[in-house]
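Structure file query-v4.pdb with PDB, C-alpha atoms:
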```pdb
ATOM      1  CA  MET A   1      17.827  17.185 -35.611  1.00  0.00           C
ATOM      2  CA  SER A   2      18.915  15.132 -32.632  1.00  0.00           C
ATOM      3  CA  THR A   3      17.139  11.810 -32.168  1.00  0.00           C
ATOM      4  CA  THR A   4      17.928  11.637 -28.453  1.00  0.00           C
ATOM      5  CA  ALA A   5      15.143  14.115 -27.615  1.00  0.00           C
ATOM      6  CA  GLU A   6      12.479  12.247 -29.587  1.00  0.00           C
ATOM      7  CA  PRO A   7      11.612   9.633 -26.930  1.00  0.00           C
ATOM      8  CA  GLY A   8      11.089  12.406 -24.396  1.00  0.00           C
ATOM      9  CA  LEU A   9       8.810  14.283 -26.766  1.00  0.00           C
ATOM     10  CA  ARG A  10       6.944  11.107 -27.619  1.00  0.00           C
ATOM     11  CA  GLU A  11       6.387  10.314 -23.954  1.00  0.00           C
ATOM     12  CA  ARG A  12       5.163  13.838 -23.282  1.00  0.00           C
ATOM     13  CA  LYS A  13       2.670  13.578 -26.131  1.00  0.00           C
ATOM     14  CA  LYS A  14       1.429  10.239 -24.837  1.00  0.00           C
ATOM     15  CA  ALA A  15       1.055  11.659 -21.339  1.00  0.00           C
ATOM     16  CA  ALA A  16      -0.851  14.650 -22.730  1.00  0.00           C
ATOM     17  CA  THR A  17      -3.207  12.373 -24.664  1.00  0.00           C
ATOM     18  CA  ARG A  18      -3.804  10.200 -21.614  1.00  0.00           C
ATOM     19  CA  GLN A  19      -4.527  13.263 -19.513  1.00  0.00           C
ATOM     20  CA  ALA A  20      -6.869  14.676 -22.173  1.00  0.00           C
ATOM     21  CA  LEU A  21      -8.863  11.440 -22.223  1.00  0.00           C
ATOM     22  CA  HIS A  22      -9.104  11.422 -18.434  1.00  0.00           C
ATOM     23  CA  ALA A  23     -10.240  15.071 -18.394  1.00  0.00           C
ATOM     24  CA  ALA A  24     -12.810  14.354 -21.113  1.00  0.00           C
ATOM     25  CA  ALA A  25     -14.206  11.397 -19.165  1.00  0.00           C
ATOM     26  CA  MET A  26     -14.480  13.559 -16.055  1.00  0.00           C
ATOM     27  CA  ARG A  27     -16.233  16.420 -17.880  1.00  0.00           C
ATOM     28  CA  LEU A  28     -18.780  14.140 -19.537  1.00  0.00           C
ATOM     29  CA  ALA A  29     -19.479  12.174 -16.351  1.00  0.00           C
ATOM     30  CA  ILE A  30     -20.061  15.371 -14.372  1.00  0.00           C
ATOM     31  CA  GLU A  31     -22.226  16.967 -17.081  1.00  0.00           C
ATOM     32  CA  HIS A  32     -24.290  13.966 -18.185  1.00  0.00           C
ATOM     33  CA  GLY A  33     -23.918  11.278 -15.533  1.00  0.00           C
ATOM     34  CA  PHE A  34     -21.524   8.354 -15.716  1.00  0.00           C
ATOM     35  CA  ASP A  35     -24.101   5.904 -17.086  1.00  0.00           C
ATOM     36  CA  ARG A  36     -24.627   8.055 -20.173  1.00  0.00           C
ATOM     37  CA  VAL A  37     -20.947   8.326 -21.000  1.00  0.00           C
ATOM     38  CA  THR A  38     -19.591   6.098 -23.771  1.00  0.00           C
ATOM     39  CA  VAL A  39     -16.051   5.401 -24.872  1.00  0.00           C
ATOM     40  CA  GLU A  40     -16.899   6.951 -28.241  1.00  0.00           C
ATOM     41  CA  ALA A  41     -18.111  10.137 -26.562  1.00  0.00           C
ATOM     42  CA  VAL A  42     -14.930  10.370 -24.484  1.00  0.00           C
ATOM     43  CA  ALA A  43     -12.770   9.899 -27.582  1.00  0.00           C
ATOM     44  CA  ASP A  44     -14.749  12.550 -29.479  1.00  0.00           C
ATOM     45  CA  GLU A  45     -14.521  14.976 -26.562  1.00  0.00           C
ATOM     46  CA  ALA A  46     -10.744  14.519 -26.453  1.00  0.00           C
ATOM     47  CA  GLY A  47     -10.420  14.814 -30.235  1.00  0.00           C
ATOM     48  CA  VAL A  48      -9.019  11.321 -30.822  1.00  0.00           C
ATOM     49  CA  SER A  49     -10.229   8.096 -32.404  1.00  0.00           C
ATOM     50  CA  ARG A  50     -11.864   5.164 -30.618  1.00  0.00           C
ATOM     51  CA  ARG A  51      -8.767   3.145 -31.461  1.00  0.00           C
ATOM     52  CA  THR A  52      -6.528   5.744 -29.830  1.00  0.00           C
ATOM     53  CA  PHE A  53      -8.667   5.586 -26.692  1.00  0.00           C
ATOM     54  CA  SER A  54      -8.138   1.818 -26.576  1.00  0.00           C
ATOM     55  CA  ASN A  55      -4.385   2.312 -26.795  1.00  0.00           C
ATOM     56  CA  TYR A  56      -4.488   4.185 -23.483  1.00  0.00           C
ATOM     57  CA  PHE A  57      -7.402   2.807 -21.496  1.00  0.00           C
ATOM     58  CA  GLY A  58      -9.325  -0.432 -21.408  1.00  0.00           C
ATOM     59  CA  SER A  59     -12.616   1.144 -20.365  1.00  0.00           C
ATOM     60  CA  LYS A  60     -14.315   4.410 -19.507  1.00  0.00           C
ATOM     61  CA  GLU A  61     -13.970   3.467 -15.830  1.00  0.00           C
ATOM     62  CA  GLU A  62     -10.206   3.208 -16.179  1.00  0.00           C
ATOM     63  CA  ALA A  63     -10.057   6.572 -17.950  1.00  0.00           C
ATOM     64  CA  LEU A  64     -12.060   8.289 -15.242  1.00  0.00           C
ATOM     65  CA  LEU A  65      -9.962   6.807 -12.432  1.00  0.00           C
ATOM     66  CA  TYR A  66      -6.642   7.706 -14.044  1.00  0.00           C
ATOM     67  CA  GLY A  67      -6.311  10.800 -11.862  1.00  0.00           C
ATOM     68  CA  GLU A  68      -6.550   8.646  -8.763  1.00  0.00           C
ATOM     69  CA  ARG A  69      -3.780   6.407 -10.063  1.00  0.00           C
ATOM     70  CA  GLN A  70      -1.616   9.486 -10.668  1.00  0.00           C
ATOM     71  CA  ARG A  71      -2.167  10.783  -7.143  1.00  0.00           C
ATOM     72  CA  ILE A  72      -1.319   7.499  -5.434  1.00  0.00           C
ATOM     73  CA  THR A  73       1.720   7.022  -7.668  1.00  0.00           C
ATOM     74  CA  LEU A  74       2.925  10.455  -6.560  1.00  0.00           C
ATOM     75  CA  LEU A  75       2.317   9.515  -2.935  1.00  0.00           C
ATOM     76  CA  ILE A  76       4.380   6.334  -3.347  1.00  0.00           C
ATOM     77  CA  GLU A  77       7.209   8.421  -4.803  1.00  0.00           C
ATOM     78  CA  GLN A  78       7.056  10.650  -1.732  1.00  0.00           C
ATOM     79  CA  VAL A  79       7.259   7.584   0.507  1.00  0.00           C
ATOM     80  CA  ARG A  80      10.370   6.509  -1.412  1.00  0.00           C
ATOM     81  CA  ALA A  81      11.948   9.909  -0.791  1.00  0.00           C
ATOM     82  CA  ARG A  82      11.527   9.765   2.996  1.00  0.00           C
ATOM     83  CA  PRO A  83      14.688   9.352   5.142  1.00  0.00           C
ATOM     84  CA  ALA A  84      15.831   5.747   5.473  1.00  0.00           C
ATOM     85  CA  ALA A  85      16.039   6.098   9.266  1.00  0.00           C
ATOM     86  CA  GLU A  86      12.260   6.554   9.588  1.00  0.00           C
ATOM     87  CA  THR A  87      10.139   3.580  10.519  1.00  0.00           C
ATOM     88  CA  THR A  88       7.802   2.348   7.812  1.00  0.00           C
ATOM     89  CA  TRP A  89       4.622   3.771   9.328  1.00  0.00           C
ATOM     90  CA  ALA A  90       6.311   7.075  10.172  1.00  0.00           C
ATOM     91  CA  ALA A  91       7.472   7.365   6.551  1.00  0.00           C
ATOM     92  CA  LEU A  92       3.995   6.566   5.245  1.00  0.00           C
ATOM     93  CA  THR A  93       2.341   9.108   7.539  1.00  0.00           C
ATOM     94  CA  ALA A  94       4.892  11.832   6.795  1.00  0.00           C
ATOM     95  CA  ALA A  95       4.540  11.256   3.058  1.00  0.00           C
ATOM     96  CA  ALA A  96       0.754  11.425   3.349  1.00  0.00           C
ATOM     97  CA  GLU A  97       0.958  14.689   5.306  1.00  0.00           C
ATOM     98  CA  GLN A  98       3.295  16.171   2.704  1.00  0.00           C
ATOM     99  CA  PHE A  99       0.979  15.011  -0.064  1.00  0.00           C
ATOM    100  CA  TYR A 100      -2.243  16.414   1.405  1.00  0.00           C
ATOM    101  CA  LEU A 101      -0.788  19.690   2.613  1.00  0.00           C
ATOM    102  CA  LYS A 102       0.779  20.267  -0.788  1.00  0.00           C
ATOM    103  CA  LEU A 103      -2.631  19.791  -2.392  1.00  0.00           C
ATOM    104  CA  GLY A 104      -4.065  22.764  -0.547  1.00  0.00           C
ATOM    105  CA  ASP A 105      -7.591  23.334  -1.799  1.00  0.00           C
ATOM    106  CA  LEU A 106      -8.788  20.140  -3.412  1.00  0.00           C
ATOM    107  CA  ASP A 107      -9.311  20.010  -7.143  1.00  0.00           C
ATOM    108  CA  PRO A 108     -13.097  20.175  -7.639  1.00  0.00           C
ATOM    109  CA  HIS A 109     -12.779  17.427 -10.251  1.00  0.00           C
ATOM    110  CA  TRP A 110     -11.212  15.115  -7.667  1.00  0.00           C
ATOM    111  CA  VAL A 111     -14.069  15.807  -5.281  1.00  0.00           C
ATOM    112  CA  ALA A 112     -16.595  15.224  -8.064  1.00  0.00           C
ATOM    113  CA  GLN A 113     -14.820  12.006  -9.065  1.00  0.00           C
ATOM    114  CA  SER A 114     -14.843  10.759  -5.482  1.00  0.00           C
ATOM    115  CA  ARG A 115     -18.586  11.325  -5.261  1.00  0.00           C
ATOM    116  CA  LEU A 116     -19.133   9.639  -8.623  1.00  0.00           C
ATOM    117  CA  VAL A 117     -17.208   6.577  -7.484  1.00  0.00           C
ATOM    118  CA  ARG A 118     -19.323   6.207  -4.361  1.00  0.00           C
ATOM    119  CA  ALA A 119     -22.518   6.353  -6.414  1.00  0.00           C
ATOM    120  CA  GLN A 120     -21.512   3.927  -9.177  1.00  0.00           C
ATOM    121  CA  PRO A 121     -20.957   0.195  -8.480  1.00  0.00           C
ATOM    122  CA  ALA A 122     -18.992  -0.175 -11.736  1.00  0.00           C
ATOM    123  CA  LEU A 123     -16.599   2.550 -10.621  1.00  0.00           C
ATOM    124  CA  VAL A 124     -16.237   1.017  -7.173  1.00  0.00           C
ATOM    125  CA  ALA A 125     -15.191  -2.262  -8.795  1.00  0.00           C
ATOM    126  CA  ALA A 126     -12.736  -0.472 -11.085  1.00  0.00           C
ATOM    127  CA  GLN A 127     -11.337   1.436  -8.122  1.00  0.00           C
ATOM    128  CA  VAL A 128     -10.706  -1.838  -6.284  1.00  0.00           C
ATOM    129  CA  GLN A 129      -8.682  -3.080  -9.265  1.00  0.00           C
ATOM    130  CA  THR A 130      -6.761   0.203  -9.459  1.00  0.00           C
ATOM    131  CA  PHE A 131      -5.907   0.117  -5.775  1.00  0.00           C
ATOM    132  CA  ALA A 132      -4.890  -3.551  -5.973  1.00  0.00           C
ATOM    133  CA  ALA A 133      -2.218  -2.661  -8.537  1.00  0.00           C
ATOM    134  CA  LEU A 134      -1.078   0.375  -6.546  1.00  0.00           C
ATOM    135  CA  GLU A 135      -1.052  -1.687  -3.376  1.00  0.00           C
ATOM    136  CA  ARG A 136       1.471  -4.032  -4.984  1.00  0.00           C
ATOM    137  CA  ASP A 137       3.675  -1.050  -5.863  1.00  0.00           C
ATOM    138  CA  LEU A 138       3.417   0.296  -2.331  1.00  0.00           C
ATOM    139  CA  SER A 139       4.188  -3.150  -0.872  1.00  0.00           C
ATOM    140  CA  ALA A 140       7.385  -3.275  -2.922  1.00  0.00           C
ATOM    141  CA  GLU A 141       8.414   0.116  -1.533  1.00  0.00           C
ATOM    142  CA  ILE A 142       7.590  -0.892   2.032  1.00  0.00           C
ATOM    143  CA  ALA A 143       9.571  -4.114   1.643  1.00  0.00           C
ATOM    144  CA  ALA A 144      12.570  -2.228   0.292  1.00  0.00           C
ATOM    145  CA  ARG A 145      12.454   0.086   3.312  1.00  0.00           C
ATOM    146  CA  SER A 146      11.848  -2.553   5.984  1.00  0.00           C
ATOM    147  CA  GLY A 147      13.891  -5.405   4.548  1.00  0.00           C
ATOM    148  CA  ASP A 148      10.896  -7.727   4.797  1.00  0.00           C
ATOM    149  CA  ASP A 149       9.687 -10.084   2.101  1.00  0.00           C
ATOM    150  CA  PRO A 150       7.332  -8.196  -0.281  1.00  0.00           C
ATOM    151  CA  GLY A 151       4.871 -11.063   0.046  1.00  0.00           C
ATOM    152  CA  SER A 152       4.933 -11.184   3.828  1.00  0.00           C
ATOM    153  CA  VAL A 153       1.762 -10.715   5.820  1.00  0.00           C
ATOM    154  CA  ARG A 154       3.126  -7.620   7.573  1.00  0.00           C
ATOM    155  CA  VAL A 155       4.083  -5.857   4.342  1.00  0.00           C
ATOM    156  CA  LYS A 156       0.791  -6.690   2.637  1.00  0.00           C
ATOM    157  CA  MET A 157      -1.236  -5.655   5.670  1.00  0.00           C
ATOM    158  CA  THR A 158       0.687  -2.410   6.079  1.00  0.00           C
ATOM    159  CA  SER A 159       0.120  -1.298   2.484  1.00  0.00           C
ATOM    160  CA  ALA A 160      -3.541  -2.377   2.509  1.00  0.00           C
ATOM    161  CA  VAL A 161      -4.329  -0.649   5.813  1.00  0.00           C
ATOM    162  CA  PHE A 162      -2.508   2.531   4.801  1.00  0.00           C
ATOM    163  CA  LEU A 163      -4.446   2.887   1.539  1.00  0.00           C
ATOM    164  CA  ALA A 164      -7.706   1.951   3.267  1.00  0.00           C
ATOM    165  CA  SER A 165      -7.062   4.676   5.848  1.00  0.00           C
ATOM    166  CA  LEU A 166      -6.709   7.250   3.077  1.00  0.00           C
ATOM    167  CA  ARG A 167      -9.994   6.129   1.509  1.00  0.00           C
ATOM    168  CA  VAL A 168     -11.853   6.158   4.825  1.00  0.00           C
ATOM    169  CA  GLY A 169     -10.600   9.644   5.626  1.00  0.00           C
ATOM    170  CA  LEU A 170     -11.703  10.903   2.212  1.00  0.00           C
ATOM    171  CA  HIS A 171     -15.150   9.299   2.483  1.00  0.00           C
ATOM    172  CA  ILE A 172     -15.731  10.811   5.919  1.00  0.00           C
ATOM    173  CA  TRP A 173     -14.621  14.192   4.592  1.00  0.00           C
ATOM    174  CA  LEU A 174     -17.089  14.017   1.687  1.00  0.00           C
ATOM    175  CA  ASP A 175     -19.948  13.848   4.191  1.00  0.00           C
ATOM    176  CA  LYS A 176     -18.675  16.745   6.298  1.00  0.00           C
ATOM    177  CA  PRO A 177     -19.669  20.416   5.918  1.00  0.00           C
ATOM    178  CA  PRO A 178     -17.665  22.614   3.527  1.00  0.00           C
ATOM    179  CA  GLY A 179     -14.480  23.927   5.081  1.00  0.00           C
ATOM    180  CA  THR A 180     -13.658  20.708   6.929  1.00  0.00           C
ATOM    181  CA  ASN A 181      -9.943  19.983   6.775  1.00  0.00           C
ATOM    182  CA  LEU A 182      -9.267  16.757   4.851  1.00  0.00           C
ATOM    183  CA  TRP A 183      -5.788  16.170   6.262  1.00  0.00           C
ATOM    184  CA  GLU A 184      -7.083  16.332   9.842  1.00  0.00           C
ATOM    185  CA  LEU A 185      -9.512  13.500   9.080  1.00  0.00           C
ATOM    186  CA  VAL A 186      -6.943  11.438   7.190  1.00  0.00           C
ATOM    187  CA  SER A 187      -4.461  12.013  10.010  1.00  0.00           C
ATOM    188  CA  ALA A 188      -7.024  10.660  12.472  1.00  0.00           C
ATOM    189  CA  THR A 189      -7.624   7.506  10.425  1.00  0.00           C
ATOM    190  CA  LEU A 190      -3.869   6.948  10.103  1.00  0.00           C
ATOM    191  CA  ALA A 191      -3.425   7.427  13.848  1.00  0.00           C
ATOM    192  CA  GLU A 192      -6.030   4.740  14.499  1.00  0.00           C
ATOM    193  CA  ALA A 193      -4.352   2.383  12.046  1.00  0.00           C
ATOM    194  CA  ARG A 194      -0.942   3.137  13.567  1.00  0.00           C
ATOM    195  CA  ARG A 195      -1.827   1.187  16.687  1.00  0.00           C
ATOM    196  CA  GLY A 196      -0.959  -2.052  14.903  1.00  0.00           C
ATOM    197  CA  PHE A 197       1.862  -0.819  12.653  1.00  0.00           C
ATOM    198  CA  ALA A 198       3.922   1.640  14.692  1.00  0.00           C
TER     199      ALA A 198
END
```
In structure tokens, write the structure found in this file.
Amino acid sequence: MSTTAEPGLRERKKAATRQALHAAAMRLAIEHGFDRVTVEAVADEAGVSRRTFSNYFGSKEEALLYGERQRITLLIEQVRARPAAETTWAALTAAAEQFYLKLGDLDPHWVAQSRLVRAQPALVAAQVQTFAALERDLSAEIAARSGDDPGSVRVKMTSAVFLASLRVGLHIWLDKPPGTNLWELVSATLAEARRGFA
């Protein structure tokens, strides 16, 4: 048996376990309420030990927000793939449009997670930490595209405002009637933000 394929298999198994824990946290939070969910219950639901849970996530909040981290990581990858000739804000907006239009109908679990986050202070705090880490990743990508220092005010402001625009658009959408187009709202928030970053 070839050993070269083993790391790939190992990584796939780890990714599957991480996804199973996230899905279990989502199911339990939706069914019972986030406050009643414990790390032990999430581990049991996913069919793993408490120790295995700790190898993947530091808390139930982190497990529940894993899907959000995945989505923003994918968005950053789409920004990276945009043509080098595009301005930074044009690349960010185009990547966001590609991302949201590709989603089509939103995953009900994502919608449920978004509503859970708004209702739970502990999740809001965890989300801030998650976005802070992703903001650093996005800043590095913006700096690579623009040639600016990753720690410059412009780069940091651009990444922060872009991610904030996505959150604002989503929060407005959650309060709108069913059938409202999410991308149209996000596009509007990005257009407003563009005034300072075009």
| For CA of Ala160 (chain A) and CA of Pro177 (chain A), the interatomic separation in Å (one decimal) | 28.1 Å
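Shortest atom-to-atom contact with Glu31 (chain A) among A:Arg18, A:Ile72, A:Gln113, A:Val48: A:Gln113, counting all atoms listed in the file.
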For region 33-122 of chain A against region 126-137 of chain A, with a cut-off of 8 Å and counting all atoms listed in the file, what is the closest atom pair and its distance in Å to one decimal for every residue that makes the cut, ordered by chain and number, as a Markdown table?
```
| residue | atom | partner | partner_atom | distance |
| --- | --- | --- | --- | --- |
| A:Glu61 | CA | A:Ala126 | CA | 6.3 |
| A:Glu62 | CA | A:Ala126 | CA | 6.8 |
| A:Leu65 | CA | A:Gln127 | CA | 7.0 |
| A:Arg69 | CA | A:Thr130 | CA | 6.9 |
| A:Ile72 | CA | A:Leu134 | CA | 7.2 |
| A:Thr73 | CA | A:Leu134 | CA | 7.3 |
| A:Ile76 | CA | A:Asp137 | CA | 7.8 |
| A:Val117 | CA | A:Gln127 | CA | 7.8 |
| A:Ala122 | CA | A:Ala126 | CA | 6.3 |
```
| query | If you measure from CA of Tyr66 (chain A) to CA of Lys14 (chain A), what distance in Å do you get, rounded to one decimal? | reply |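 These atoms are spaced 13.7 Å apart.
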| said: What's around region 182-195 of chain A at 8 Å? Count only C-alpha atoms, leave out sequence neighbours fewer than 4 positions away in its own chain, and write the answer as a list of chain:residue names. | reply: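 Residues near the query, excluding close chain neighbours: A:Trp89, A:Thr93, A:Glu97, A:Tyr100, A:Leu101, A:Val161, A:Phe162, A:Ser165, A:Leu166, A:Val168, A:Gly169, A:Leu170, A:Ile172, A:Trp173.
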| message | Using Å and a single decimal, report how far CA of Leu75 (chain A) sits from CA of Val111 (chain A). | response | 17.7 Å
| task | With the file shown as input, list the residues that the PyMOL selection byres ((chain A and resi 45) around 12) selects, as a PyMOL selection string. | result | chain A and resi 17+20-29+37-44+46-50+53
Which residues, written as a JSON list (two decimals) with C-alpha atoms, in the coordinates of the input, have at least one atom at most 12 Å from Arg115 (chain A), with only C-alpha atoms counted and residues fewer than 4 positions away on the same chain left out?
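File produced: part.json:
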```json
[["chain", "number", "residue", "atom", "x", "y", "z"],
["A", 26, "MET", "CA", -14.48, 13.56, -16.06],
["A", 29, "ALA", "CA", -19.48, 12.17, -16.35],
["A", 30, "ILE", "CA", -20.06, 15.37, -14.37],
["A", 33, "GLY", "CA", -23.92, 11.28, -15.53],
["A", 34, "PHE", "CA", -21.52, 8.35, -15.72],
["A", 108, "PRO", "CA", -13.10, 20.18, -7.64],
["A", 109, "HIS", "CA", -12.78, 17.43, -10.25],
["A", 110, "TRP", "CA", -11.21, 15.12, -7.67],
["A", 111, "VAL", "CA", -14.07, 15.81, -5.28],
["A", 119, "ALA", "CA", -22.52, 6.35, -6.41],
["A", 120, "GLN", "CA", -21.51, 3.93, -9.18],
["A", 121, "PRO", "CA", -20.96, 0.20, -8.48],
["A", 123, "LEU", "CA", -16.60, 2.55, -10.62],
["A", 124, "VAL", "CA", -16.24, 1.02, -7.17],
["A", 170, "LEU", "CA", -11.70, 10.90, 2.21],
["A", 171, "HIS", "CA", -15.15, 9.30, 2.48],
["A", 172, "ILE", "CA", -15.73, 10.81, 5.92],
["A", 173, "TRP", "CA", -14.62, 14.19, 4.59],
["A", 174, "LEU", "CA", -17.09, 14.02, 1.69],
["A", 175, "ASP", "CA", -19.95, 13.85, 4.19]]
```
| said: List the spatial neighbours of Ser139 (chain A) as a list in words - criterion: any atom at most 6 Å away, only C-alpha atoms, same-chain residues fewer than 5 positions off excluded. | reply: Pro150, Val155 and Ser159 of chain A
Taking the partial coordinates given, rebuild region 154-173 of chain A to contain N, CA, C and O atoms; return it as a PDB file, keeping the file's coordinate frame.
```
ATOM      1  N   ARG A 154       2.971  -8.967   7.018  1.00  0.00           N
ATOM      2  CA  ARG A 154       3.126  -7.620   7.573  1.00  0.00           C
ATOM      3  C   ARG A 154       3.193  -6.565   6.483  1.00  0.00           C
ATOM      4  O   ARG A 154       2.561  -5.507   6.586  1.00  0.00           O
ATOM      5  N   VAL A 155       3.965  -6.829   5.429  1.00  0.00           N
ATOM      6  CA  VAL A 155       4.083  -5.857   4.342  1.00  0.00           C
ATOM      7  C   VAL A 155       2.739  -5.674   3.647  1.00  0.00           C
ATOM      8  O   VAL A 155       2.300  -4.542   3.391  1.00  0.00           O
ATOM      9  N   LYS A 156       2.083  -6.771   3.326  1.00  0.00           N
ATOM     10  CA  LYS A 156       0.791  -6.690   2.637  1.00  0.00           C
ATOM     11  C   LYS A 156      -0.257  -5.982   3.500  1.00  0.00           C
ATOM     12  O   LYS A 156      -1.042  -5.162   3.004  1.00  0.00           O
ATOM     13  N   MET A 157      -0.276  -6.302   4.776  1.00  0.00           N
ATOM     14  CA  MET A 157      -1.236  -5.655   5.670  1.00  0.00           C
ATOM     15  C   MET A 157      -0.943  -4.167   5.817  1.00  0.00           C
ATOM     16  O   MET A 157      -1.860  -3.346   5.845  1.00  0.00           O
ATOM     17  N   THR A 158       0.333  -3.815   5.914  1.00  0.00           N
ATOM     18  CA  THR A 158       0.687  -2.410   6.079  1.00  0.00           C
ATOM     19  C   THR A 158       0.229  -1.584   4.886  1.00  0.00           C
ATOM     20  O   THR A 158      -0.383  -0.517   5.043  1.00  0.00           O
ATOM     21  N   SER A 159       0.515  -2.048   3.671  1.00  0.00           N
ATOM     22  CA  SER A 159       0.120  -1.298   2.484  1.00  0.00           C
ATOM     23  C   SER A 159      -1.400  -1.233   2.351  1.00  0.00           C
ATOM     24  O   SER A 159      -1.963  -0.187   2.016  1.00  0.00           O
ATOM     25  N   ALA A 160      -2.077  -2.350   2.633  1.00  0.00           N
ATOM     26  CA  ALA A 160      -3.541  -2.377   2.509  1.00  0.00           C
ATOM     27  C   ALA A 160      -4.198  -1.443   3.520  1.00  0.00           C
ATOM     28  O   ALA A 160      -5.118  -0.683   3.193  1.00  0.00           O
ATOM     29  N   VAL A 161      -3.732  -1.482   4.761  1.00  0.00           N
ATOM     30  CA  VAL A 161      -4.329  -0.649   5.813  1.00  0.00           C
ATOM     31  C   VAL A 161      -4.043   0.834   5.564  1.00  0.00           C
ATOM     32  O   VAL A 161      -4.905   1.688   5.788  1.00  0.00           O
ATOM     33  N   PHE A 162      -2.846   1.138   5.092  1.00  0.00           N
ATOM     34  CA  PHE A 162      -2.508   2.531   4.801  1.00  0.00           C
ATOM     35  C   PHE A 162      -3.435   3.099   3.727  1.00  0.00           C
ATOM     36  O   PHE A 162      -4.029   4.170   3.911  1.00  0.00           O
ATOM     37  N   LEU A 163      -3.584   2.391   2.617  1.00  0.00           N
ATOM     38  CA  LEU A 163      -4.446   2.887   1.539  1.00  0.00           C
ATOM     39  C   LEU A 163      -5.908   2.929   1.975  1.00  0.00           C
ATOM     40  O   LEU A 163      -6.644   3.854   1.616  1.00  0.00           O
ATOM     41  N   ALA A 164      -6.327   1.946   2.771  1.00  0.00           N
ATOM     42  CA  ALA A 164      -7.706   1.951   3.267  1.00  0.00           C
ATOM     43  C   ALA A 164      -7.937   3.157   4.179  1.00  0.00           C
ATOM     44  O   ALA A 164      -9.005   3.775   4.149  1.00  0.00           O
ATOM     45  N   SER A 165      -6.940   3.513   4.965  1.00  0.00           N
ATOM     46  CA  SER A 165      -7.062   4.676   5.848  1.00  0.00           C
ATOM     47  C   SER A 165      -7.260   5.958   5.052  1.00  0.00           C
ATOM     48  O   SER A 165      -8.054   6.827   5.435  1.00  0.00           O
ATOM     49  N   LEU A 166      -6.542   6.072   3.933  1.00  0.00           N
ATOM     50  CA  LEU A 166      -6.709   7.250   3.077  1.00  0.00           C
ATOM     51  C   LEU A 166      -8.129   7.310   2.515  1.00  0.00           C
ATOM     52  O   LEU A 166      -8.748   8.386   2.481  1.00  0.00           O
ATOM     53  N   ARG A 167      -8.638   6.162   2.080  1.00  0.00           N
ATOM     54  CA  ARG A 167      -9.994   6.129   1.509  1.00  0.00           C
ATOM     55  C   ARG A 167     -11.041   6.462   2.566  1.00  0.00           C
ATOM     56  O   ARG A 167     -11.989   7.209   2.309  1.00  0.00           O
ATOM     57  N   VAL A 168     -10.881   5.901   3.752  1.00  0.00           N
ATOM     58  CA  VAL A 168     -11.853   6.158   4.825  1.00  0.00           C
ATOM     59  C   VAL A 168     -11.861   7.640   5.184  1.00  0.00           C
ATOM     60  O   VAL A 168     -12.922   8.254   5.343  1.00  0.00           O
ATOM     61  N   GLY A 169     -10.668   8.221   5.310  1.00  0.00           N
ATOM     62  CA  GLY A 169     -10.600   9.644   5.626  1.00  0.00           C
ATOM     63  C   GLY A 169     -11.285  10.495   4.571  1.00  0.00           C
ATOM     64  O   GLY A 169     -12.017  11.439   4.897  1.00  0.00           O
ATOM     65  N   LEU A 170     -11.071  10.155   3.294  1.00  0.00           N
ATOM     66  CA  LEU A 170     -11.703  10.903   2.212  1.00  0.00           C
ATOM     67  C   LEU A 170     -13.217  10.749   2.246  1.00  0.00           C
ATOM     68  O   LEU A 170     -13.960  11.726   2.088  1.00  0.00           O
ATOM     69  N   HIS A 171     -13.705   9.532   2.475  1.00  0.00           N
ATOM     70  CA  HIS A 171     -15.150   9.299   2.483  1.00  0.00           C
ATOM     71  C   HIS A 171     -15.826  10.015   3.645  1.00  0.00           C
ATOM     72  O   HIS A 171     -16.941  10.550   3.496  1.00  0.00           O
ATOM     73  N   ILE A 172     -15.178  10.051   4.796  1.00  0.00           N
ATOM     74  CA  ILE A 172     -15.731  10.811   5.919  1.00  0.00           C
ATOM     75  C   ILE A 172     -15.779  12.291   5.568  1.00  0.00           C
ATOM     76  O   ILE A 172     -16.771  12.980   5.836  1.00  0.00           O
ATOM     77  N   TRP A 173     -14.709  12.774   4.962  1.00  0.00           N
ATOM     78  CA  TRP A 173     -14.621  14.192   4.592  1.00  0.00           C
ATOM     79  C   TRP A 173     -15.724  14.589   3.610  1.00  0.00           C
ATOM     80  O   TRP A 173     -16.286  15.692   3.713  1.00  0.00           O
TER      81      TRP A 173
END
```
